[in-house]
Amino acid sequence: MSRIDWIPPALMLAIVLGALAMIGNPSTWVTLTVAGLAMGLLIFIMSSGLTLVFGLMDVMNFAHGLFIAIGAYVAASTLKLFSAAAGSESFLANLGAVLPAMLAAVVVAGLLGLAFERVIIKPVYGQHLKQILITTGGMIVAEQLIHVFWGPDLLPLPRPSTLRGSFLIGDIAIEKYRLIAVIVGLAVFAAMLLLLNRTKIGLLIRAGVENKEMVEAMGYRIRRLFVGVFVAGSALAGLGGALWGMYQESVTVHIGANMMVLIFIVIIIGGLGSIGGCFAGAVLVGLVANYVGYLSPKIALGSNILLMVMILLWRPQGLYPAGKS
Amino acid sequence: MMHALLSGDFPRSRILTATLVAIFFALALAPFLFPGTRPLDVAAKVCVFVLLVASYDLLLGYTGIVSFAHTMFFGIGGYGVAIAMSRLEAGWLSIALGAAAAVALSLVLSFLIGLFTLRVKAIFFAMITLAVASFFAILASQLSNITGGEDGITFKVPELLRPATRLLEEPFLGVAIGGRFVTYYLVFGASLLLFLALLRVVNSPFGRVLLAIRENDFRAEALGYRTVIYRTIANCLGAVVATFAGVLYALWLRYTGPNTTLDFAIMIDILLMVVIGGMGTMYGAVIGATIFVVAQNYLQDAMKAFSGAMKGIPLLPDLFHPDRWLLWLGVLFVLSVYYFPAGIVGQLRAGVTGRSAK
């Protein structure tokens, strides 16, 4: 992918500008755009692993939402441990509570991903039907286990005090937390692009997505690569879940299953297996959901499905099809 | 005659035959064998779910495609009847109108979904159906002026089916012959008829082509069968039967709401029933649905006793908490997919052929 296809970004720009024309009020527009970007980037963090796993190994994990839920629950429990620091008024103390929570979410989700790959997914390589069934079954069991350990009730996940509220620039209000979500999301995307495009491992992953057999024939163990990607993807889903839980300030066991629908839409829009497409799809979904939600709340719920149908009619393989033969 | 009824597809195992006959008689004589409201509710639910799960088996077991939109069609049937009955006069004509509209909508939707996604991979179909079904569930809960939102719709049924109706003055064999009695046999008869029709479909030349596609779609295509068309027709058939199941369930409950039809948990239940009973066998639907619905209603009581007995031991009482019964069925599901992909029916049949081979 040396040449970048500029049509999807142009489309995105057209949507952003078109929304400005339709909303009319620039300060509302800025608020909505930031909210859309924040939502889109959070979805990107959660879905990037899933699309790479599919591209690399043709494995579709219907239990991906589990890692999102686990991330959110672990973050909630960790924040409770650091409740003194989280409740304080200083930004650094807050950070001292949030960072361990995020770290714990990432580590636990990653480890769980490792176990999940070993136990659940390894025996059903190459059998799509069984993969769908087995990962759905894994999701059922895991949701029930979450009930056993954390109880069936809604768990509060309060944001530390300095992360609440919003900046005021003129009459434009930007929520602090959304800005942070955008920054974290962009950082993850940049790191991922660097890893994929500038390192040996990234080269192997990209090559594996295009032609698995050839990479194996060159003497690289694609399985190890795959386990690595799976664990990284699970860890990212955990991070995304923690961030999303804090965004909503509460966690239920359905957080993962609810996000799964959006994630599927995003990776289908982007083109299965492609990171760039996943990013474009996530931002597009986030922006459209927020704009439509403001302009005509009645059709907001269907906007994602409509968006997916329109994009698939235009490009049946998604925005940026992964280079698969 | 049995040959014609079962379309030549016999259970092919002595234990299985005995179980199926037992289930059949238990359901056929349910009002007499198990008096009381709750057992009859369970029996009616078993009938409806046998039909629903069998129609799902047509997709999953025979055609090899995973759909997450089956509850959507189930719900369309339920809402079709409920909306017609609550808006129009509560008569038989309204039931027919509502059911016809629901079937038409299901046909169009399943045809569109199939045409769009079935030419690509199975996984694509699964993902799209998941998205569409969740969208539909949200739609049903949001359009509250049509669907009643989260509360759903409670509606009146025709005179003959009302619980207060009495056909005979005296109870017959100790059973009051009234509206509930008639409704039960309506549900039972329609389910049985549609189940036999499904059995006919999977044993027809059309069904054989579906099996061929499941086993090797590339080869089926090479033999000259348009796989997209066959898969789409199977998808539409499954959707229509699911719609009828929804109609029957709504008539039994005299209520349709998101929790009884569209909930994703019901989709999970259907998956569990198909896989535990046995994919691609049709009879698996009977076994799976019966075990599951009975477990859903009575296993919790057993677990309550078990959980209470283990008080004091850490974690164990939580694991066996009555609300955690799905955990154990989920574990059973995962184990079935790994070790017994043909489910209970497949195990019973394998036992027979294994012995006869020796």
# chains A, B, ... in the order shown; residues from 1 in each chain; ligands from 1

$ interface_residues --of "chain B" --to "chain A" --cutoff "8 Å" --atoms "only C-alpha atoms" --output "list in words"
Gly64, Ile65, Val66, Ala122, Ile123, Met127, Ile128, Leu130, Ala131, Val132, Ser134, Phe135, Ile138, Leu139, Asp318, Leu319, Arg324, Leu326, Leu327, Trp328, Gly330, Val331, Phe333, Val334 and Val337 of chain B

$ residues_around --residues "stretch 208-216 of chain B" --least-positions-apart "3" --cutoff "12 Å" --atoms "only C-alpha atoms" --output "PDB file with N, CA and C atoms, in the first residue's frame"
ATOM      1  N   GLN A 127     -12.131 -23.577  10.488  1.00  0.00           N
ATOM      2  CA  GLN A 127     -13.529 -24.016  10.412  1.00  0.00           C
ATOM      3  C   GLN A 127     -14.412 -22.870  10.860  1.00  0.00           C
ATOM      4  N   HIS A 128     -14.902 -22.119   9.901  1.00  0.00           N
ATOM      5  CA  HIS A 128     -15.637 -20.901  10.237  1.00  0.00           C
ATOM      6  C   HIS A 128     -16.857 -21.169  11.101  1.00  0.00           C
ATOM      7  N   LEU A 129     -17.614 -22.193  10.701  1.00  0.00           N
ATOM      8  CA  LEU A 129     -18.856 -22.477  11.406  1.00  0.00           C
ATOM      9  C   LEU A 129     -18.582 -22.746  12.877  1.00  0.00           C
TER      10      LEU A 129
ATOM     11  N   ASP B  57     -32.305 -25.049  12.561  1.00  0.00           N
ATOM     12  CA  ASP B  57     -31.463 -26.172  12.161  1.00  0.00           C
ATOM     13  C   ASP B  57     -31.386 -26.260  10.640  1.00  0.00           C
ATOM     14  N   LEU B  58     -32.471 -25.882   9.961  1.00  0.00           N
ATOM     15  CA  LEU B  58     -32.442 -25.862   8.503  1.00  0.00           C
ATOM     16  C   LEU B  58     -31.297 -24.970   8.018  1.00  0.00           C
ATOM     17  N   LEU B  59     -31.068 -23.861   8.705  1.00  0.00           N
ATOM     18  CA  LEU B  59     -29.982 -22.957   8.319  1.00  0.00           C
ATOM     19  C   LEU B  59     -28.630 -23.476   8.798  1.00  0.00           C
ATOM     20  N   LEU B  60     -28.541 -23.722  10.101  1.00  0.00           N
ATOM     21  CA  LEU B  60     -27.244 -24.035  10.691  1.00  0.00           C
ATOM     22  C   LEU B  60     -26.807 -25.450  10.346  1.00  0.00           C
ATOM     23  N   GLY B  61     -27.700 -26.421  10.574  1.00  0.00           N
ATOM     24  CA  GLY B  61     -27.300 -27.810  10.422  1.00  0.00           C
ATOM     25  C   GLY B  61     -27.306 -28.283   8.985  1.00  0.00           C
ATOM     26  N   TYR B  62     -28.254 -27.818   8.200  1.00  0.00           N
ATOM     27  CA  TYR B  62     -28.380 -28.353   6.845  1.00  0.00           C
ATOM     28  C   TYR B  62     -27.691 -27.484   5.799  1.00  0.00           C
ATOM     29  N   THR B  63     -27.735 -26.172   5.982  1.00  0.00           N
ATOM     30  CA  THR B  63     -27.140 -25.305   4.967  1.00  0.00           C
ATOM     31  C   THR B  63     -25.766 -24.802   5.386  1.00  0.00           C
ATOM     32  N   GLY B  64     -25.463 -24.898   6.677  1.00  0.00           N
ATOM     33  CA  GLY B  64     -24.151 -24.481   7.146  1.00  0.00           C
ATOM     34  C   GLY B  64     -23.956 -22.984   7.189  1.00  0.00           C
ATOM     35  N   ILE B  65     -25.019 -22.228   7.456  1.00  0.00           N
ATOM     36  CA  ILE B  65     -24.842 -20.787   7.627  1.00  0.00           C
ATOM     37  C   ILE B  65     -25.325 -20.391   9.023  1.00  0.00           C
ATOM     38  N   VAL B  66     -24.580 -19.484   9.662  1.00  0.00           N
ATOM     39  CA  VAL B  66     -24.951 -19.044  11.002  1.00  0.00           C
ATOM     40  C   VAL B  66     -25.659 -17.711  10.904  1.00  0.00           C
ATOM     41  N   ALA B 122     -19.474 -17.177   5.044  1.00  0.00           N
ATOM     42  CA  ALA B 122     -20.414 -17.471   6.121  1.00  0.00           C
ATOM     43  C   ALA B 122     -20.276 -16.448   7.240  1.00  0.00           C
ATOM     44  N   ARG B 200     -39.930 -32.877   5.685  1.00  0.00           N
ATOM     45  CA  ARG B 200     -40.146 -33.152   4.266  1.00  0.00           C
ATOM     46  C   ARG B 200     -39.124 -32.365   3.430  1.00  0.00           C
ATOM     47  N   VAL B 201     -38.933 -31.090   3.787  1.00  0.00           N
ATOM     48  CA  VAL B 201     -38.034 -30.233   3.000  1.00  0.00           C
ATOM     49  C   VAL B 201     -36.609 -30.766   3.035  1.00  0.00           C
ATOM     50  N   VAL B 202     -36.132 -31.125   4.239  1.00  0.00           N
ATOM     51  CA  VAL B 202     -34.716 -31.517   4.306  1.00  0.00           C
ATOM     52  C   VAL B 202     -34.481 -32.877   3.671  1.00  0.00           C
ATOM     53  N   ASN B 203     -35.530 -33.682   3.493  1.00  0.00           N
ATOM     54  CA  ASN B 203     -35.346 -34.978   2.853  1.00  0.00           C
ATOM     55  C   ASN B 203     -35.727 -34.960   1.377  1.00  0.00           C
ATOM     56  N   SER B 204     -36.010 -33.785   0.859  1.00  0.00           N
ATOM     57  CA  SER B 204     -36.334 -33.666  -0.558  1.00  0.00           C
ATOM     58  C   SER B 204     -35.033 -33.481  -1.342  1.00  0.00           C
ATOM     59  N   PRO B 205     -35.079 -33.562  -2.655  1.00  0.00           N
ATOM     60  CA  PRO B 205     -33.879 -33.274  -3.454  1.00  0.00           C
ATOM     61  C   PRO B 205     -33.290 -31.911  -3.104  1.00  0.00           C
ATOM     62  N   ARG B 219     -17.730 -27.505  -4.741  1.00  0.00           N
ATOM     63  CA  ARG B 219     -18.062 -28.648  -5.584  1.00  0.00           C
ATOM     64  C   ARG B 219     -19.534 -28.597  -6.028  1.00  0.00           C
ATOM     65  N   ALA B 220     -20.399 -28.174  -5.104  1.00  0.00           N
ATOM     66  CA  ALA B 220     -21.811 -28.068  -5.467  1.00  0.00           C
ATOM     67  C   ALA B 220     -21.986 -27.077  -6.604  1.00  0.00           C
ATOM     68  N   GLU B 221     -21.256 -25.974  -6.513  1.00  0.00           N
ATOM     69  CA  GLU B 221     -21.317 -24.964  -7.578  1.00  0.00           C
ATOM     70  C   GLU B 221     -20.821 -25.562  -8.889  1.00  0.00           C
ATOM     71  N   ALA B 222     -19.734 -26.356  -8.780  1.00  0.00           N
ATOM     72  CA  ALA B 222     -19.163 -26.955  -9.983  1.00  0.00           C
ATOM     73  C   ALA B 222     -20.123 -27.955 -10.618  1.00  0.00           C
ATOM     74  N   LEU B 223     -20.967 -28.582  -9.791  1.00  0.00           N
ATOM     75  CA  LEU B 223     -21.929 -29.537 -10.330  1.00  0.00           C
ATOM     76  C   LEU B 223     -23.116 -28.836 -10.986  1.00  0.00           C
ATOM     77  N   GLY B 224     -23.141 -27.528 -10.885  1.00  0.00           N
ATOM     78  CA  GLY B 224     -24.176 -26.801 -11.602  1.00  0.00           C
ATOM     79  C   GLY B 224     -25.279 -26.238 -10.731  1.00  0.00           C
ATOM     80  N   TYR B 225     -25.123 -26.324  -9.400  1.00  0.00           N
ATOM     81  CA  TYR B 225     -26.138 -25.742  -8.529  1.00  0.00           C
ATOM     82  C   TYR B 225     -25.731 -24.317  -8.177  1.00  0.00           C
ATOM     83  N   ARG B 226     -26.663 -23.390  -8.333  1.00  0.00           N
ATOM     84  CA  ARG B 226     -26.365 -22.007  -7.952  1.00  0.00           C
ATOM     85  C   ARG B 226     -26.470 -21.906  -6.434  1.00  0.00           C
ATOM     86  N   THR B 227     -25.317 -21.951  -5.748  1.00  0.00           N
ATOM     87  CA  THR B 227     -25.343 -22.037  -4.291  1.00  0.00           C
ATOM     88  C   THR B 227     -26.020 -20.827  -3.658  1.00  0.00           C
ATOM     89  N   VAL B 228     -25.810 -19.642  -4.236  1.00  0.00           N
ATOM     90  CA  VAL B 228     -26.410 -18.431  -3.653  1.00  0.00           C
ATOM     91  C   VAL B 228     -27.925 -18.580  -3.604  1.00  0.00           C
ATOM     92  N   ILE B 229     -28.485 -19.091  -4.702  1.00  0.00           N
ATOM     93  CA  ILE B 229     -29.940 -19.202  -4.767  1.00  0.00           C
ATOM     94  C   ILE B 229     -30.441 -20.213  -3.743  1.00  0.00           C
ATOM     95  N   TYR B 230     -29.767 -21.367  -3.666  1.00  0.00           N
ATOM     96  CA  TYR B 230     -30.204 -22.377  -2.708  1.00  0.00           C
ATOM     97  C   TYR B 230     -30.103 -21.858  -1.276  1.00  0.00           C
ATOM     98  N   ARG B 231     -28.988 -21.204  -0.974  1.00  0.00           N
ATOM     99  CA  ARG B 231     -28.824 -20.677   0.385  1.00  0.00           C
ATOM    100  C   ARG B 231     -29.890 -19.634   0.683  1.00  0.00           C
ATOM    101  N   THR B 232     -30.160 -18.774  -0.289  1.00  0.00           N
ATOM    102  CA  THR B 232     -31.154 -17.723  -0.063  1.00  0.00           C
ATOM    103  C   THR B 232     -32.533 -18.331   0.171  1.00  0.00           C
ATOM    104  N   ILE B 233     -32.879 -19.364  -0.629  1.00  0.00           N
ATOM    105  CA  ILE B 233     -34.187 -19.992  -0.435  1.00  0.00           C
ATOM    106  C   ILE B 233     -34.254 -20.623   0.956  1.00  0.00           C
ATOM    107  N   ALA B 234     -33.180 -21.305   1.356  1.00  0.00           N
ATOM    108  CA  ALA B 234     -33.177 -21.907   2.691  1.00  0.00           C
ATOM    109  C   ALA B 234     -33.355 -20.839   3.756  1.00  0.00           C
ATOM    110  N   ASN B 235     -32.671 -19.721   3.573  1.00  0.00           N
ATOM    111  CA  ASN B 235     -32.769 -18.611   4.526  1.00  0.00           C
ATOM    112  C   ASN B 235     -34.207 -18.106   4.613  1.00  0.00           C
ATOM    113  N   MET B 279     -26.958 -30.802  15.544  1.00  0.00           N
ATOM    114  CA  MET B 279     -27.136 -30.032  14.318  1.00  0.00           C
ATOM    115  C   MET B 279     -27.380 -30.968  13.151  1.00  0.00           C
ATOM    116  N   GLY B 280     -28.203 -30.526  12.218  1.00  0.00           N
ATOM    117  CA  GLY B 280     -28.402 -31.280  10.990  1.00  0.00           C
ATOM    118  C   GLY B 280     -29.138 -32.578  11.184  1.00  0.00           C
ATOM    119  N   THR B 281     -30.023 -32.648  12.172  1.00  0.00           N
ATOM    120  CA  THR B 281     -30.759 -33.889  12.372  1.00  0.00           C
ATOM    121  C   THR B 281     -32.267 -33.671  12.475  1.00  0.00           C
TER     122      THR B 281
END

$ select_by_dssp --residues "stretch 18-252 of chain A" --states "strand (DSSP E or B)" --output "PyMOL selection string"
chain A and resi 155-156+166-169+172-175+250-251

$ write_last_selection --atoms "N, CA and C atoms" --output "mmCIF file, in the first residue's frame"
data_model
loop_
_atom_site.group_PDB
_atom_site.id
_atom_site.type_symbol
_atom_site.label_atom_id
_atom_site.label_comp_id
_atom_site.auth_asym_id
_atom_site.auth_seq_id
_atom_site.Cartn_x
_atom_site.Cartn_y
_atom_site.Cartn_z
ATOM 1 N N LEU A 155 -22.092 -1.699 37.716
ATOM 2 C CA LEU A 155 -20.935 -1.294 38.509
ATOM 3 C C LEU A 155 -20.594 0.156 38.162
ATOM 4 N N PRO A 156 -20.518 1.026 39.164
ATOM 5 C CA PRO A 156 -20.158 2.409 38.827
ATOM 6 C C PRO A 156 -18.665 2.528 38.518
ATOM 7 N N SER A 166 -15.530 20.474 31.197
ATOM 8 C CA SER A 166 -15.073 20.751 29.841
ATOM 9 C C SER A 166 -14.308 22.059 29.771
ATOM 10 N N PHE A 167 -13.493 22.166 28.726
ATOM 11 C CA PHE A 167 -12.825 23.426 28.432
ATOM 12 C C PHE A 167 -13.799 24.341 27.725
ATOM 13 N N LEU A 168 -13.665 25.623 27.980
ATOM 14 C CA LEU A 168 -14.465 26.574 27.227
ATOM 15 C C LEU A 168 -13.529 27.438 26.398
ATOM 16 N N ILE A 169 -13.681 27.362 25.079
ATOM 17 C CA ILE A 169 -12.920 28.230 24.199
ATOM 18 C C ILE A 169 -13.939 29.123 23.519
ATOM 19 N N ILE A 172 -17.377 27.706 22.739
ATOM 20 C CA ILE A 172 -17.300 26.306 22.338
ATOM 21 C C ILE A 172 -16.913 25.463 23.544
ATOM 22 N N ALA A 173 -17.746 24.501 23.872
ATOM 23 C CA ALA A 173 -17.449 23.632 25.013
ATOM 24 C C ALA A 173 -16.909 22.295 24.506
ATOM 25 N N ILE A 174 -15.746 21.915 25.029
ATOM 26 C CA ILE A 174 -15.181 20.622 24.658
ATOM 27 C C ILE A 174 -14.958 19.825 25.931
ATOM 28 N N GLU A 175 -15.578 18.669 26.020
ATOM 29 C CA GLU A 175 -15.413 17.851 27.212
ATOM 30 C C GLU A 175 -13.974 17.353 27.304
ATOM 31 N N SER A 250 -20.186 3.869 33.931
ATOM 32 C CA SER A 250 -20.756 2.688 34.566
ATOM 33 C C SER A 250 -20.468 1.488 33.672
ATOM 34 N N VAL A 251 -20.500 0.304 34.268
ATOM 35 C CA VAL A 251 -20.214 -0.910 33.517
ATOM 36 C C VAL A 251 -21.309 -1.925 33.792
#

$ select_by_dssp --residues "stretch 41-129 of chain B" --states "helix (DSSP H, G or I)" --output "MDAnalysis selection string"
chainID B and resid 41:63 70:87 92:117 122:129

$ write_last_selection --atoms "C-alpha atoms" --output "PDB file, in the first residue's frame"
ATOM      1  CA  ASP B  41     -47.070 -23.166  29.797  1.00  0.00           C
ATOM      2  CA  VAL B  42     -43.900 -25.239  29.684  1.00  0.00           C
ATOM      3  CA  ALA B  43     -45.466 -27.701  27.224  1.00  0.00           C
ATOM      4  CA  ALA B  44     -46.644 -24.931  24.889  1.00  0.00           C
ATOM      5  CA  LYS B  45     -43.235 -23.294  25.029  1.00  0.00           C
ATOM      6  CA  VAL B  46     -41.622 -26.623  24.157  1.00  0.00           C
ATOM      7  CA  CYS B  47     -43.904 -26.940  21.094  1.00  0.00           C
ATOM      8  CA  VAL B  48     -43.087 -23.445  19.855  1.00  0.00           C
ATOM      9  CA  PHE B  49     -39.370 -23.808  20.472  1.00  0.00           C
ATOM     10  CA  VAL B  50     -39.190 -27.207  18.788  1.00  0.00           C
ATOM     11  CA  LEU B  51     -40.520 -25.484  15.684  1.00  0.00           C
ATOM     12  CA  LEU B  52     -38.280 -22.446  16.065  1.00  0.00           C
ATOM     13  CA  VAL B  53     -35.165 -24.523  16.670  1.00  0.00           C
ATOM     14  CA  ALA B  54     -36.002 -26.890  13.799  1.00  0.00           C
ATOM     15  CA  SER B  55     -36.282 -23.946  11.425  1.00  0.00           C
ATOM     16  CA  TYR B  56     -32.910 -22.720  12.690  1.00  0.00           C
ATOM     17  CA  ASP B  57     -31.463 -26.172  12.161  1.00  0.00           C
ATOM     18  CA  LEU B  58     -32.442 -25.862   8.503  1.00  0.00           C
ATOM     19  CA  LEU B  59     -29.982 -22.957   8.319  1.00  0.00           C
ATOM     20  CA  LEU B  60     -27.244 -24.035  10.691  1.00  0.00           C
ATOM     21  CA  GLY B  61     -27.300 -27.810  10.422  1.00  0.00           C
ATOM     22  CA  TYR B  62     -28.380 -28.353   6.845  1.00  0.00           C
ATOM     23  CA  THR B  63     -27.140 -25.305   4.967  1.00  0.00           C
ATOM     24  CA  HIS B  70     -33.605 -15.715  13.714  1.00  0.00           C
ATOM     25  CA  THR B  71     -35.188 -14.038  16.726  1.00  0.00           C
ATOM     26  CA  MET B  72     -35.908 -11.067  14.497  1.00  0.00           C
ATOM     27  CA  PHE B  73     -38.202 -13.217  12.320  1.00  0.00           C
ATOM     28  CA  PHE B  74     -39.654 -14.809  15.445  1.00  0.00           C
ATOM     29  CA  GLY B  75     -40.396 -11.315  16.686  1.00  0.00           C
ATOM     30  CA  ILE B  76     -41.866 -10.172  13.385  1.00  0.00           C
ATOM     31  CA  GLY B  77     -44.405 -12.983  13.662  1.00  0.00           C
ATOM     32  CA  GLY B  78     -45.269 -12.068  17.230  1.00  0.00           C
ATOM     33  CA  TYR B  79     -45.560  -8.367  16.539  1.00  0.00           C
ATOM     34  CA  GLY B  80     -47.518  -8.980  13.338  1.00  0.00           C
ATOM     35  CA  VAL B  81     -50.279 -10.757  15.223  1.00  0.00           C
ATOM     36  CA  ALA B  82     -50.123  -8.454  18.221  1.00  0.00           C
ATOM     37  CA  ILE B  83     -50.377  -5.260  16.178  1.00  0.00           C
ATOM     38  CA  ALA B  84     -53.186  -6.636  14.012  1.00  0.00           C
ATOM     39  CA  MET B  85     -55.142  -7.880  17.020  1.00  0.00           C
ATOM     40  CA  SER B  86     -54.790  -4.693  19.028  1.00  0.00           C
ATOM     41  CA  ARG B  87     -55.590  -2.345  16.132  1.00  0.00           C
ATOM     42  CA  TRP B  92     -59.639 -14.831  13.203  1.00  0.00           C
ATOM     43  CA  LEU B  93     -59.389 -12.560  10.192  1.00  0.00           C
ATOM     44  CA  SER B  94     -57.056 -10.233  12.078  1.00  0.00           C
ATOM     45  CA  ILE B  95     -54.834 -13.167  13.015  1.00  0.00           C
ATOM     46  CA  ALA B  96     -54.657 -14.187   9.360  1.00  0.00           C
ATOM     47  CA  LEU B  97     -53.965 -10.617   8.263  1.00  0.00           C
ATOM     48  CA  GLY B  98     -51.280 -10.075  10.893  1.00  0.00           C
ATOM     49  CA  ALA B  99     -49.625 -13.399  10.127  1.00  0.00           C
ATOM     50  CA  ALA B 100     -49.723 -12.766   6.382  1.00  0.00           C
ATOM     51  CA  ALA B 101     -48.189  -9.310   6.766  1.00  0.00           C
ATOM     52  CA  ALA B 102     -45.521 -10.719   9.079  1.00  0.00           C
ATOM     53  CA  VAL B 103     -44.659 -13.530   6.664  1.00  0.00           C
ATOM     54  CA  ALA B 104     -44.429 -11.059   3.791  1.00  0.00           C
ATOM     55  CA  LEU B 105     -42.103  -8.790   5.752  1.00  0.00           C
ATOM     56  CA  SER B 106     -39.955 -11.744   6.833  1.00  0.00           C
ATOM     57  CA  LEU B 107     -39.724 -12.981   3.257  1.00  0.00           C
ATOM     58  CA  VAL B 108     -38.612  -9.619   1.931  1.00  0.00           C
ATOM     59  CA  LEU B 109     -36.088  -9.065   4.721  1.00  0.00           C
ATOM     60  CA  SER B 110     -34.582 -12.548   4.575  1.00  0.00           C
ATOM     61  CA  PHE B 111     -34.421 -12.379   0.793  1.00  0.00           C
ATOM     62  CA  LEU B 112     -32.594  -9.040   0.864  1.00  0.00           C
ATOM     63  CA  ILE B 113     -30.180 -10.117   3.593  1.00  0.00           C
ATOM     64  CA  GLY B 114     -29.502 -13.375   1.803  1.00  0.00           C
ATOM     65  CA  LEU B 115     -28.993 -11.807  -1.576  1.00  0.00           C
ATOM     66  CA  PHE B 116     -26.620  -9.196  -0.199  1.00  0.00           C
ATOM     67  CA  THR B 117     -24.470 -11.327   2.044  1.00  0.00           C
ATOM     68  CA  ALA B 122     -20.414 -17.471   6.121  1.00  0.00           C
ATOM     69  CA  ILE B 123     -18.779 -15.130   8.592  1.00  0.00           C
ATOM     70  CA  PHE B 124     -19.963 -12.093   6.716  1.00  0.00           C
ATOM     71  CA  PHE B 125     -23.532 -13.354   6.882  1.00  0.00           C
ATOM     72  CA  ALA B 126     -23.239 -13.956  10.621  1.00  0.00           C
ATOM     73  CA  MET B 127     -21.919 -10.443  11.253  1.00  0.00           C
ATOM     74  CA  ILE B 128     -24.505  -8.698   9.090  1.00  0.00           C
ATOM     75  CA  THR B 129     -27.408 -10.634  10.606  1.00  0.00           C
TER      76      THR B 129
END

$ closest_residue --among "B:Gly343, B:Asn145, B:Leu160, B:Leu248" --to "B:Gly91" --atoms "only C-alpha atoms"
B:Leu160

$ closest_residue --among "A:Ser83, A:Val34, A:Phe230, A:Tyr291" --to "A:Leu20" --atoms "only C-alpha atoms"
A:Tyr291

$ atom_distance --atom1 "atom CA of A:Val215" --atom2 "atom CA of A:Phe116"
24.8 Å

$ residues_around --residues "A:Ser161" --least-positions-apart "3" --cutoff "8 Å" --atoms "only C-alpha atoms" --output "PyMOL selection string"
chain A and resi 86-89+94+164

$ residues_around --residues "stretch 103-109 of chain A" --least-positions-apart "3" --cutoff "10 Å" --atoms "only C-alpha atoms" --output "MDAnalysis selection string"
chainID A and resid 66:79 98:100 112:115 231:243

$ closest_residue --among "A:Gly185, A:Gly110, A:Gly55, A:Gly49" --to "A:Asn211" --atoms "only C-alpha atoms"
A:Gly55

$ decode --residues "stretch 293-335 of chain B" --atoms "C-alpha atoms" --output "mmCIF file, in the first residue's frame"
data_model
loop_
_atom_site.group_PDB
_atom_site.id
_atom_site.type_symbol
_atom_site.label_atom_id
_atom_site.label_comp_id
_atom_site.auth_asym_id
_atom_site.auth_seq_id
_atom_site.Cartn_x
_atom_site.Cartn_y
_atom_site.Cartn_z
ATOM 1 C CA VAL B 293 -37.085 -25.474 28.222
ATOM 2 C CA VAL B 294 -37.578 -28.015 30.991
ATOM 3 C CA ALA B 295 -34.163 -27.118 32.429
ATOM 4 C CA GLN B 296 -34.992 -23.423 32.194
ATOM 5 C CA ASN B 297 -38.108 -23.984 34.258
ATOM 6 C CA TYR B 298 -37.056 -26.666 36.690
ATOM 7 C CA LEU B 299 -33.231 -26.775 36.831
ATOM 8 C CA GLN B 300 -33.162 -23.510 38.751
ATOM 9 C CA ASP B 301 -35.104 -25.108 41.593
ATOM 10 C CA ALA B 302 -32.605 -27.947 41.749
ATOM 11 C CA MET B 303 -29.694 -25.530 41.697
ATOM 12 C CA LYS B 304 -31.229 -23.501 44.484
ATOM 13 C CA ALA B 305 -31.255 -26.577 46.650
ATOM 14 C CA PHE B 306 -27.695 -27.472 45.636
ATOM 15 C CA SER B 307 -26.414 -23.946 46.208
ATOM 16 C CA GLY B 308 -28.069 -23.814 49.596
ATOM 17 C CA ALA B 309 -26.461 -27.124 50.566
ATOM 18 C CA MET B 310 -22.993 -25.743 49.890
ATOM 19 C CA LYS B 311 -23.253 -22.611 51.999
ATOM 20 C CA GLY B 312 -19.999 -21.681 53.663
ATOM 21 C CA ILE B 313 -17.699 -22.945 50.927
ATOM 22 C CA PRO B 314 -16.238 -19.951 49.078
ATOM 23 C CA LEU B 315 -17.262 -19.361 45.442
ATOM 24 C CA LEU B 316 -19.154 -22.649 45.037
ATOM 25 C CA PRO B 317 -22.535 -21.281 46.150
ATOM 26 C CA ASP B 318 -22.072 -18.455 43.626
ATOM 27 C CA LEU B 319 -21.238 -20.871 40.826
ATOM 28 C CA PHE B 320 -24.381 -22.850 41.526
ATOM 29 C CA HIS B 321 -26.575 -19.842 42.139
ATOM 30 C CA PRO B 322 -29.957 -20.430 40.423
ATOM 31 C CA ASP B 323 -29.353 -17.481 38.103
ATOM 32 C CA ARG B 324 -26.167 -19.133 36.830
ATOM 33 C CA TRP B 325 -27.830 -22.066 35.133
ATOM 34 C CA LEU B 326 -26.887 -20.628 31.746
ATOM 35 C CA LEU B 327 -23.234 -20.964 32.764
ATOM 36 C CA TRP B 328 -23.535 -24.726 32.911
ATOM 37 C CA LEU B 329 -25.475 -24.994 29.689
ATOM 38 C CA GLY B 330 -22.840 -22.757 28.084
ATOM 39 C CA VAL B 331 -20.094 -25.124 29.219
ATOM 40 C CA LEU B 332 -22.119 -28.025 27.835
ATOM 41 C CA PHE B 333 -22.486 -26.103 24.573
ATOM 42 C CA VAL B 334 -18.743 -25.530 24.179
ATOM 43 C CA LEU B 335 -18.010 -29.165 24.978
#
